[in-house]
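query-v5.txt (compact mmCIF, C-alpha atoms) appears below.
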# COMPACT_ATOMS: atom_id res chain seq x y z
CA MET A 15 30.94 35.29 -62.07
CA ILE A 16 33.74 33.89 -59.95
CA VAL A 17 33.18 36.63 -57.43
CA VAL A 18 29.48 35.76 -57.19
CA VAL A 19 30.28 32.06 -56.62
CA VAL A 20 32.82 32.92 -53.95
CA VAL A 21 30.38 35.26 -52.19
CA LEU A 22 27.59 32.66 -52.29
CA THR A 23 29.97 30.01 -50.94
CA VAL A 24 30.93 32.26 -48.08
CA VAL A 25 27.27 33.07 -47.37
CA ILE A 26 26.37 29.36 -47.35
CA ALA A 27 29.29 28.60 -45.04
CA VAL A 28 28.25 31.37 -42.66
CA LEU A 29 24.64 30.16 -42.67
CA GLY A 30 25.85 26.61 -41.99
CA LEU A 31 27.83 27.85 -39.01
CA LEU A 32 24.76 29.72 -37.77
CA VAL A 33 22.59 26.59 -38.03
CA CYS A 34 25.18 24.51 -36.15
CA GLY A 35 25.37 27.16 -33.47
CA LEU A 36 21.60 27.25 -33.10
CA LEU A 37 21.43 23.47 -32.83
CA ARG A 38 24.09 23.44 -30.17
CA SER A 39 22.40 26.25 -28.29
CA HIS A 40 19.12 24.35 -28.41
CA ALA A 41 20.78 21.24 -27.04
CA GLU A 42 22.33 23.23 -24.21
CA ILE A 43 18.96 24.77 -23.35
CA LEU A 44 17.37 21.32 -23.20
CA ARG A 45 20.19 20.05 -21.01
CA ALA A 46 19.86 23.07 -18.71
CA LEU A 47 16.11 22.52 -18.43
CA ARG A 48 16.71 18.90 -17.50
CA GLN A 49 19.22 19.92 -14.83
CA LEU A 50 16.85 22.59 -13.54
CA GLU A 51 14.11 20.01 -13.24
CA SER A 52 16.32 17.64 -11.30
CA GLY A 53 17.25 20.41 -8.92
CA THR A 54 13.72 21.55 -8.12
CA ALA A 55 11.52 18.50 -8.42
CA GLY A 56 13.69 15.52 -7.78
CA ALA A 57 13.72 14.78 -11.44
CA GLY A 58 14.27 11.78 -13.52
CA PRO A 59 17.13 10.29 -15.40
CA GLY A 60 18.21 12.27 -18.43
CA PRO A 61 19.19 10.90 -21.80
CA GLY A 62 22.59 10.03 -20.48
CA ALA A 63 21.38 8.55 -17.22
CA PRO A 64 22.70 5.15 -16.24
CA PRO A 65 20.45 2.20 -17.02
CA PRO A 66 18.38 0.80 -14.15
CA ALA A 67 20.19 -1.55 -11.85
CA ALA A 68 18.63 -4.93 -11.21
CA SER A 69 20.30 -5.48 -7.91
CA ALA A 70 20.83 -3.30 -4.91
CA PRO A 71 24.37 -2.42 -4.00
CA ALA A 72 23.84 -3.54 -0.44
CA PRO A 73 20.58 -5.36 0.24
CA ALA A 74 19.24 -4.37 3.62
CA ARG A 75 16.13 -5.03 5.65
CA VAL A 76 13.68 -2.27 4.99
CA ALA A 77 10.81 -0.59 6.74
CA ASP A 78 7.09 -0.38 6.08
CA VAL A 79 5.88 2.82 4.43
CA MET A 80 4.18 5.26 6.80
CA GLY A 81 2.56 8.41 5.47
CA THR A 82 -0.66 10.05 4.41
CA THR A 83 -2.90 9.61 1.42
CA LEU A 84 -4.37 12.24 -0.85
CA THR A 85 -7.61 12.00 1.16
CA ASP A 86 -5.80 12.72 4.44
CA GLU A 87 -5.80 9.19 5.76
CA VAL A 88 -2.89 8.17 7.94
CA VAL A 89 -1.63 4.92 6.51
CA LYS A 90 0.91 2.20 6.99
CA VAL A 91 1.66 -0.02 4.03
CA GLY A 92 3.12 -3.38 4.98
CA VAL A 93 6.34 -4.02 3.07
CA ALA A 94 8.93 -5.77 5.23
CA GLY A 95 7.53 -8.97 6.64
CA ALA A 96 4.52 -8.89 4.33
CA ARG A 97 3.39 -12.10 2.69
CA HIS A 98 3.63 -10.49 -0.73
CA ASN A 99 6.41 -8.74 -2.61
CA THR A 100 6.18 -4.98 -3.07
CA LEU A 101 7.33 -2.74 -5.89
CA LEU A 102 7.72 0.77 -4.56
CA ALA A 103 7.46 3.43 -7.27
CA PHE A 104 8.92 6.72 -6.08
CA LEU A 105 7.32 9.39 -8.24
CA SER A 106 6.84 13.14 -8.10
CA SER A 107 4.09 15.44 -9.26
CA GLY A 108 6.67 17.68 -10.92
CA CYS A 109 9.14 15.56 -12.82
CA LEU A 110 8.67 15.13 -16.54
CA THR A 111 9.80 11.52 -16.72
CA CYS A 112 7.31 10.55 -14.01
CA GLN A 113 4.43 11.55 -16.27
CA GLU A 114 4.95 8.40 -18.34
CA PHE A 115 4.43 6.27 -15.22
CA TRP A 116 1.45 8.24 -13.90
CA ASP A 117 -0.21 7.79 -17.31
CA THR A 118 0.55 4.07 -17.39
CA PHE A 119 -0.70 3.45 -13.84
CA ALA A 120 -3.90 5.42 -14.46
CA ARG A 121 -4.54 3.72 -17.80
CA LYS A 122 -3.98 0.14 -16.72
CA ALA A 123 -5.95 -0.90 -13.66
CA ARG A 124 -4.69 -4.46 -14.03
CA LEU A 125 -1.03 -3.87 -14.47
CA ARG A 126 1.31 -6.81 -14.86
CA VAL A 127 3.77 -6.34 -12.03
CA PRO A 128 6.84 -8.60 -11.90
CA GLY A 129 6.57 -11.36 -9.32
CA ASP A 130 2.90 -10.49 -8.67
CA ALA A 131 4.19 -7.73 -6.44
CA ARG A 132 1.94 -5.10 -4.97
CA LEU A 133 2.60 -1.76 -6.63
CA VAL A 134 2.74 1.14 -4.19
CA ILE A 135 3.39 4.68 -5.37
CA VAL A 136 5.30 6.87 -2.95
CA THR A 137 5.67 10.63 -3.31
CA LYS A 138 7.21 13.14 -0.95
CA ASP A 139 5.15 14.83 1.74
CA ALA A 140 2.40 17.26 0.76
CA SER A 141 4.63 20.19 1.67
CA GLU A 142 7.10 19.13 -1.04
CA GLU A 143 4.57 18.16 -3.69
CA SER A 144 1.55 19.62 -5.40
CA PRO A 145 -1.34 17.69 -3.80
CA SER A 146 -3.85 19.09 -6.28
CA ARG A 147 -1.71 17.88 -9.17
CA LEU A 148 -1.24 14.53 -7.45
CA ARG A 149 -5.01 14.12 -7.18
CA GLU A 150 -5.21 14.54 -10.93
CA LEU A 151 -2.42 12.06 -11.53
CA ALA A 152 -3.11 9.39 -8.92
CA PRO A 153 -4.56 6.10 -10.18
CA ARG A 154 -7.51 4.63 -8.30
CA SER A 155 -6.25 1.10 -8.51
CA HIS A 156 -2.94 1.50 -6.70
CA PRO A 157 -2.15 3.09 -3.34
CA VAL A 158 -0.44 6.47 -3.35
CA VAL A 159 1.31 7.40 -0.12
CA MET A 160 2.96 10.75 0.60
CA SER A 161 6.03 10.00 2.69
CA SER A 162 9.29 11.91 2.56
CA ALA A 163 10.44 9.61 5.36
CA ALA A 164 10.16 6.64 2.99
CA TRP A 165 12.25 8.46 0.37
CA GLU A 166 14.90 8.97 2.99
CA ALA A 167 14.68 5.46 4.42
CA TYR A 168 15.06 3.89 0.99
CA GLY A 169 17.79 6.31 -0.11
CA VAL A 170 15.94 7.46 -3.20
CA PRO A 171 18.29 9.64 -5.31
CA VAL A 172 15.97 10.66 -8.18
CA ALA A 173 12.46 10.23 -9.49
CA PRO A 174 11.21 8.06 -10.99
CA TYR A 175 12.92 5.40 -8.92
CA PHE A 176 11.88 1.84 -8.13
CA VAL A 177 12.65 -0.47 -5.23
CA TYR A 178 11.62 -4.11 -5.26
CA VAL A 179 11.19 -5.68 -1.82
CA ASP A 180 10.81 -9.36 -1.05
CA GLY A 181 8.06 -9.35 1.57
CA PRO A 182 8.72 -12.49 3.60
CA SER A 183 12.46 -11.81 3.95
CA GLY A 184 12.17 -8.04 4.09
CA GLN A 185 15.14 -7.77 1.75
CA VAL A 186 15.56 -5.33 -1.12
CA ARG A 187 15.81 -7.43 -4.27
CA GLY A 188 16.58 -4.58 -6.63
CA ARG A 189 16.50 -0.86 -7.13
CA GLY A 190 17.03 1.61 -9.90
CA ALA A 191 15.74 4.33 -12.17
CA ALA A 192 13.77 3.65 -15.31
CA GLN A 193 12.34 5.62 -18.21
CA ASP A 194 9.13 3.65 -18.80
CA TRP A 195 7.10 0.76 -17.42
CA ASP A 196 8.29 -1.73 -20.02
CA GLN A 197 11.82 -1.15 -18.79
CA VAL A 198 10.72 -1.89 -15.22
CA VAL A 199 8.97 -5.09 -16.27
CA ASP A 200 11.91 -6.25 -18.37
CA LEU A 201 14.26 -5.49 -15.55
CA TRP A 202 12.60 -7.56 -12.86
CA SER A 203 10.54 -10.17 -14.66
CA LYS A 204 13.37 -12.63 -14.76
CA ALA A 205 14.86 -11.63 -11.45
CA VAL A 206 11.88 -12.14 -9.19
CA SER A 207 9.15 -14.66 -8.56
CA PRO A 208 6.07 -14.61 -6.34
CA PRO A 209 6.56 -15.65 -2.71
CA ALA A 210 6.10 -19.36 -2.27
CA GLY A 211 7.10 -22.15 0.01
CA PRO A 212 5.89 -24.25 2.84
CA GLY A 213 5.66 -21.49 5.46
CA ARG A 214 2.56 -19.42 6.05
CA ARG A 215 1.33 -20.06 2.54
CA GLY A 216 1.30 -23.79 3.19
CA ARG A 217 -0.61 -23.40 6.40
CA ARG A 218 -3.07 -21.09 4.71
CA ASP A 219 -3.62 -23.60 1.94
CA ARG A 220 -4.20 -26.39 4.45
CA HIS A 221 -6.80 -24.32 6.30
CA ALA A 222 -8.55 -23.37 3.06
CA ARG A 223 -8.54 -26.97 1.85
CA ALA A 224 -9.89 -28.22 5.18
CA ASP A 225 -12.65 -25.58 5.18
CA GLY A 226 -13.58 -26.47 1.61
CA GLU A 227 -13.73 -30.22 2.25
CA LEU A 228 -15.84 -29.72 5.37
CA LEU A 229 -18.26 -27.47 3.50
CA ASN A 230 -18.53 -30.03 0.71
CA ALA A 231 -19.45 -32.60 3.35
CA GLY A 232 -22.20 -30.33 4.64
CA ILE A 233 -20.31 -29.30 7.74
CA ALA A 234 -20.34 -25.53 8.08
CA PRO A 235 -18.40 -23.47 10.62
CA GLY A 236 -19.97 -23.85 14.04
CA ASP A 237 -21.40 -27.30 13.24
CA ALA A 238 -21.71 -29.31 16.47
CA ARG A 239 -20.07 -32.32 14.81
CA LEU A 240 -16.81 -30.39 14.81
CA TYR A 241 -16.72 -30.44 18.62
CA PRO A 242 -17.66 -33.95 19.75
CA GLU A 243 -15.62 -33.79 22.94
CA GLU A 244 -17.20 -30.54 24.09
CA GLU A 245 -20.63 -32.08 23.80
CA ARG A 246 -19.87 -34.93 26.11
CA MET B 1 6.64 -2.67 14.71
CA GLU B 2 5.40 0.79 13.74
CA ARG B 3 2.87 2.98 15.50
CA LEU B 4 -0.01 4.23 13.42
CA ALA B 5 -1.54 7.34 14.97
CA GLY B 6 -4.10 9.92 13.98
CA LEU B 7 -7.48 11.44 14.91
CA GLY B 8 -6.80 10.68 18.56
CA LEU B 9 -6.26 6.96 17.94
CA GLY B 10 -3.03 5.03 17.96
CA VAL B 11 -2.03 1.41 17.58
CA ASP B 12 1.19 -0.55 17.12
CA LEU B 13 1.17 -2.64 13.97
CA PRO B 14 3.60 -5.51 13.34
CA ASP B 15 5.87 -5.50 10.31
CA GLY B 16 4.02 -6.34 7.14
CA TRP B 17 0.62 -5.23 8.44
CA ASP B 18 -1.43 -2.61 6.64
CA GLY B 19 -3.26 0.07 8.57
CA ARG B 20 -5.18 3.27 8.05
CA ILE B 21 -6.95 5.85 10.15
CA TYR B 22 -9.50 7.95 8.35
CA ARG B 23 -12.66 9.96 8.60
CA ARG B 24 -15.43 10.16 6.08
CA ALA B 25 -18.84 11.72 5.85
CA ASN B 26 -21.68 9.42 6.78
CA GLU B 27 -25.32 10.18 5.98
CA LEU B 28 -26.60 8.76 9.25
CA ALA B 29 -23.76 9.40 11.64
CA GLY B 30 -22.34 12.65 10.25
CA GLU B 31 -18.60 12.34 10.26
CA ARG B 32 -17.36 8.85 11.02
CA ARG B 33 -13.84 8.04 12.17
CA ALA B 34 -12.37 4.60 11.83
CA LEU B 35 -9.20 2.58 12.10
CA HIS B 36 -8.49 -0.42 9.91
CA ALA B 37 -5.70 -2.94 10.35
CA ALA B 38 -4.96 -6.17 8.52
CA ASN B 39 -2.16 -8.68 8.21
CA PHE B 40 -2.48 -8.58 4.42
CA ALA B 41 -2.54 -5.98 1.66
CA MET B 42 -5.81 -4.11 1.97
CA PRO B 43 -7.45 -3.15 -1.32
CA GLN B 44 -8.09 0.41 -2.40
CA ALA B 45 -11.88 0.39 -2.06
CA TRP B 46 -13.47 -0.49 1.24
CA GLY B 47 -16.43 -0.04 3.54
CA ASP B 48 -16.18 0.93 7.20
CA TYR B 49 -16.94 -2.66 8.22
CA GLY B 50 -14.61 -4.27 5.74
CA SER B 51 -16.76 -4.80 2.70
CA GLY B 52 -14.42 -4.98 -0.25
CA VAL B 53 -11.64 -6.15 2.05
CA THR B 54 -12.64 -9.38 3.71
CA GLU B 55 -14.10 -11.07 0.62
CA GLY B 56 -10.63 -11.74 -0.74
CA MET B 57 -8.99 -12.51 2.56
CA ASP B 58 -6.94 -15.71 2.85
CA ALA B 59 -7.58 -18.32 5.51
CA ASP B 60 -4.81 -16.95 7.73
CA GLY B 61 -5.86 -13.34 7.31
CA VAL B 62 -7.18 -11.09 10.05
CA PHE B 63 -8.98 -7.81 9.58
CA VAL B 64 -9.77 -5.31 12.32
CA THR B 65 -11.97 -2.25 12.10
CA LEU B 66 -12.56 0.16 14.94
CA VAL B 67 -15.45 2.47 14.11
CA GLU B 68 -16.21 5.46 16.29
CA PHE B 69 -19.75 6.52 17.05
CA SER B 70 -20.94 9.93 18.20
CA PRO B 71 -19.98 10.84 21.78
CA GLU B 72 -23.57 10.89 23.07
CA ASN B 73 -23.52 7.10 22.75
CA ALA B 74 -20.57 6.75 25.10
CA ASN B 75 -21.18 4.76 28.28
CA THR B 76 -24.80 4.06 27.38
CA GLY B 77 -26.67 1.03 26.05
CA LEU B 78 -24.49 -1.05 23.76
CA PHE B 79 -21.51 1.11 24.60
CA ARG B 80 -21.85 0.73 28.37
CA HIS B 81 -18.68 -1.36 28.70
CA GLN B 82 -15.75 0.88 29.63
CA GLY B 83 -12.39 0.05 28.13
CA MET B 84 -11.20 -2.45 25.53
CA PRO B 85 -13.06 -5.74 25.98
CA ALA B 86 -11.28 -9.09 26.03
CA ILE B 87 -10.98 -10.48 22.53
CA THR B 88 -11.28 -14.23 22.78
CA ALA B 89 -11.70 -16.99 20.20
CA ASP B 90 -15.02 -17.95 21.80
CA ALA B 91 -16.55 -14.68 20.65
CA PHE B 92 -16.16 -15.52 16.98
CA VAL B 93 -19.10 -16.93 15.07
CA PRO B 94 -19.32 -17.85 11.39
CA GLY B 95 -22.40 -15.73 10.79
CA GLY B 96 -21.03 -12.72 12.60
CA MET B 97 -20.45 -10.70 9.48
CA PRO B 98 -22.54 -8.35 7.36
CA LYS B 99 -21.77 -10.55 4.36
CA ALA B 100 -20.99 -14.16 5.22
CA VAL B 101 -17.98 -15.67 3.51
CA PRO B 102 -17.54 -19.46 3.79
CA GLY B 103 -14.87 -20.34 6.30
CA GLN B 104 -14.58 -16.88 7.81
CA ALA B 105 -15.85 -15.79 11.20
CA GLY B 106 -16.45 -12.45 12.84
CA ALA B 107 -16.93 -10.90 16.22
CA GLN B 108 -18.20 -7.52 17.27
CA PHE B 109 -17.54 -5.64 20.49
CA PHE B 110 -19.06 -2.37 21.66
CA PHE B 111 -17.36 -0.25 24.29
CA SER B 112 -16.40 3.23 25.37
CA VAL B 113 -13.10 4.82 26.25
CA GLY B 114 -13.69 7.96 28.25
CA GLU B 115 -16.31 9.89 26.34
CA ARG B 116 -15.71 8.17 23.01
CA ALA B 117 -17.89 5.28 21.82
CA PHE B 118 -16.53 2.50 19.60
CA CYS B 119 -17.49 -0.62 17.77
CA LEU B 120 -14.67 -3.09 17.23
CA PHE B 121 -15.34 -5.58 14.46
CA VAL B 122 -12.88 -8.37 13.73
CA VAL B 123 -12.89 -10.94 10.95
CA VAL B 124 -10.64 -13.99 10.85
CA GLY B 125 -10.02 -15.83 7.61
CA SER B 126 -10.68 -19.27 9.05
CA TYR B 127 -13.10 -20.21 11.79
CA ALA B 128 -11.20 -23.47 12.19
CA ALA B 129 -7.95 -21.60 12.82
CA ARG B 130 -9.39 -18.88 15.05
CA ALA B 131 -7.34 -20.04 18.03
CA ASP B 132 -4.18 -19.14 16.04
CA LEU B 133 -5.52 -15.93 14.53
CA VAL B 134 -7.33 -14.21 17.38
CA PRO B 135 -4.18 -13.78 19.53
CA GLN B 136 -2.68 -11.69 16.70
CA VAL B 137 -5.64 -9.33 16.94
CA GLU B 138 -5.54 -9.30 20.71
CA ALA B 139 -1.85 -8.38 20.70
CA VAL B 140 -2.45 -5.47 18.35
CA MET B 141 -5.50 -4.10 20.11
CA ARG B 142 -3.72 -4.26 23.45
CA THR B 143 -1.61 -1.35 22.14
CA LEU B 144 -4.63 0.81 21.28
CA SER B 145 -4.55 4.29 22.70
CA VAL B 146 -7.45 6.73 22.66
CA ASP B 147 -6.83 10.40 23.39
Show how you would write the structure in this file as structure tokens.
Amino acid sequence: MIVVVVVLTVVIAVLGLLVCGLLRSHAEILRALRQLESGTAGAGPGPGAPPPAASAPAPARVADVMGTTLTDEVVKVGVAGARHNTLLAFLSSGCLTCQEFWDTFARKARLRVPGDARLVIVTKDASEESPSRLRELAPRSHPVVMSSAAWEAYGVPVAPYFVYVDGPSGQVRGRGAAQDWDQVVDLWSKAVSPPAGPGRRGRRDRHARADGELLNAGIAPGDARLYPEEER
Amino acid sequence: MERLAGLGLGVDLPDGWDGRIYRRANELAGERRALHAANFAMPQAWGDYGSGVTEGMDADGVFVTLVEFSPENANTGLFRHQGMPAITADAFVPGGMPKAVPGQAGAQFFFSVGERAFCLFVVVGSYAARADLVPQVEAVMRTLSVD
């Protein structure tokens, strides 16, 4: 009887060791897959990746995004010097973590973007992506620009990666990696606000108000009463 | 300032401006090539002449579309004028748009460059402020190159 108990104990111990080994092996395989992905597709942050950073290490004036679209248009997206803020989402057709963002962007046409920023998705050039896969993933409501030059200009280390640019000043307000959209929103909601102030916005408002008041008074654009001196 | 170039067209766009050069099939004209430029964020859906774009334009917005017509039109009829025409504030009229938007004004210019025929259509967000807005368009279109 004692012998049987001892043998069973040994068997259970051996099986326990085997299970632990299998679990560890499985974890290593998952980690290797994650590393493989980051090496071939510019992949996303792994489980141990650092949390997204709300501020750039060295804010610098940035450039507009030049590239091509999935329908072969040559495009320039105004970023620096624009009247609006821009949230650049650097995604890839291949990285697993990006899928979460592609799904979110495709699902929500009216996405709440911090600071009312314009969301622009930037992938690498067609030669480094799968354009057919991108066509499946790309949302209709937000621009998708293929531009490896933008990845380089903005120093993008991984995907998904986000850069928030203040349009009027052309300054990077924040940059970092994130795992899902909620994290992006949480990160920048408190840090940014829509562009405002007395500059161009004020002038625009004055023009709009003047046009509206004139129309209410029955004076449409081109009305002769607007040019009394020219008539004399 | 960045240069947007493609399909034999090129233009310098100031920082913050959007631009695109594209071609699309057209039932009447076959393939149509066009260049769009704007000093605001252009939406995702648009017509060649700015439908879907200008409706939401602010009072200090400007939108430019350069639409190419088939080469047999070059240097004939409407397209007789050779070279980029002068873009002046006087040319803008409130009703000069396919779909009138209160406050806005548009102007249309037909011309040829070499053997290529173009229609340039410009919309400014405020007729009252056209003297401020039109020079922005003129400065951009002065950089237009046609191969």
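Those residues that approach Gln82 (chain B) to within 9 Å, counting all atoms listed in the file, are Ala74, Asn75, Phe111, Ser112, Val113 and Gly114 of chain B; same-chain residues fewer than 6 positions away are not listed.
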Written selection (C-alpha atoms) as a short mmCIF file (atom, residue, chain, number, x, y, z; two decimals), keeping the file's coordinate frame:
data_model
loop_
_atom_site.label_atom_id
_atom_site.label_comp_id
_atom_site.auth_asym_id
_atom_site.auth_seq_id
_atom_site.Cartn_x
_atom_site.Cartn_y
_atom_site.Cartn_z
CA ALA B 74 -20.57 6.75 25.10
CA ASN B 75 -21.18 4.76 28.28
CA PHE B 111 -17.36 -0.25 24.29
CA SER B 112 -16.40 3.23 25.37
CA VAL B 113 -13.10 4.82 26.25
CA GLY B 114 -13.69 7.96 28.25
#
Taking into account only C-alpha atoms, which residue in the set B:Arg20, B:Lys99, B:Arg80, B:Arg3 is nearest to chain A? B:Arg20
For Leu13 (chain B), please output as a PyMOL selection string all residues within 8 Å (counting all atoms listed in the file; exclusion window: fewer than 2 positions along the same chain). chain B and resi 1-4+11+15+17-19+37+140
May I have the residues of chain B within 10 Å of chain A, counting all atoms listed in the file, written as number ranges by chain? B: 1-7, 13-24, 35-45, 58-61, 92-95, 102-105, 125-129
Show which residues sit within 6 Å of region 136-150 of chain A, as a PDB file with C-alpha atoms, in the frame of the given file. Count all atoms listed in the file, and ignore same-chain residues fewer than 4 positions away.
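Just written: result_31.pdb:
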ATOM      1  CA  ALA A 103       7.460   3.430  -7.270  1.00  0.00           C
ATOM      2  CA  PHE A 104       8.920   6.720  -6.080  1.00  0.00           C
ATOM      3  CA  LEU A 105       7.320   9.390  -8.240  1.00  0.00           C
ATOM      4  CA  SER A 106       6.840  13.140  -8.100  1.00  0.00           C
ATOM      5  CA  SER A 107       4.090  15.440  -9.260  1.00  0.00           C
ATOM      6  CA  VAL A 158      -0.440   6.470  -3.350  1.00  0.00           C
ATOM      7  CA  VAL A 159       1.310   7.400  -0.120  1.00  0.00           C
ATOM      8  CA  MET A 160       2.960  10.750   0.600  1.00  0.00           C
ATOM      9  CA  SER A 161       6.030  10.000   2.690  1.00  0.00           C
ATOM     10  CA  SER A 162       9.290  11.910   2.560  1.00  0.00           C
TER      11      SER A 162
END
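Atom pair CA of Glu31 (chain B) / CA of Phe69 (chain B) has a distance of 9.0 Å (rounded to one decimal).
Distance-wise, CA of Leu125 (chain A) and CA of Trp195 (chain A) end up 9.8 Å apart.
Here CA of Val170 (chain A) is placed at a distance of 15.8 Å from CA of Gly108 (chain A).
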List every protein, DNA or RNA residue with an atom no more than 12 Å from (-20.2, 6.8, 7.1) in the file's coordinates, counting all atoms listed in the file, and format the result as a VMD selection string. chain B and resid 22 to 34 46 to 49 67 to 70
Polymer residues at most 7 Å from Leu144 (chain B), only C-alpha atoms, same-chain spacing of 2 or more positions, as a count of residues only: 5
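By chain and then residue number, the residues within 10 Å of Asp90 (chain B) are Ile87, Thr88, Phe92, Val93, Ala107, Arg130, Ala131 and Val134 of chain B, counting only C-alpha atoms and disregarding those fewer than 2 positions away in sequence.
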Would you mind exporting C-alpha atoms of the selected residues as a CSV table (one decimal), in the frame of the given file?
chain,number,residue,atom,x,y,z
B,87,ILE,CA,-11.0,-10.5,22.5
B,88,THR,CA,-11.3,-14.2,22.8
B,92,PHE,CA,-16.2,-15.5,17.0
B,93,VAL,CA,-19.1,-16.9,15.1
B,107,ALA,CA,-16.9,-10.9,16.2
B,130,ARG,CA,-9.4,-18.9,15.0
B,131,ALA,CA,-7.3,-20.0,18.0
B,134,VAL,CA,-7.3,-14.2,17.4
Work out where the centre of an axis-aligned box around every listed atom of region 28-47 of chain B lies and how long its edges are once 5 Å is added on each side; give both in Å to one decimal as JSON.
{"center_x": -14.4, "center_y": 2.0, "center_z": 4.9, "size_x": 34.4, "size_y": 31.3, "size_z": 24.6}
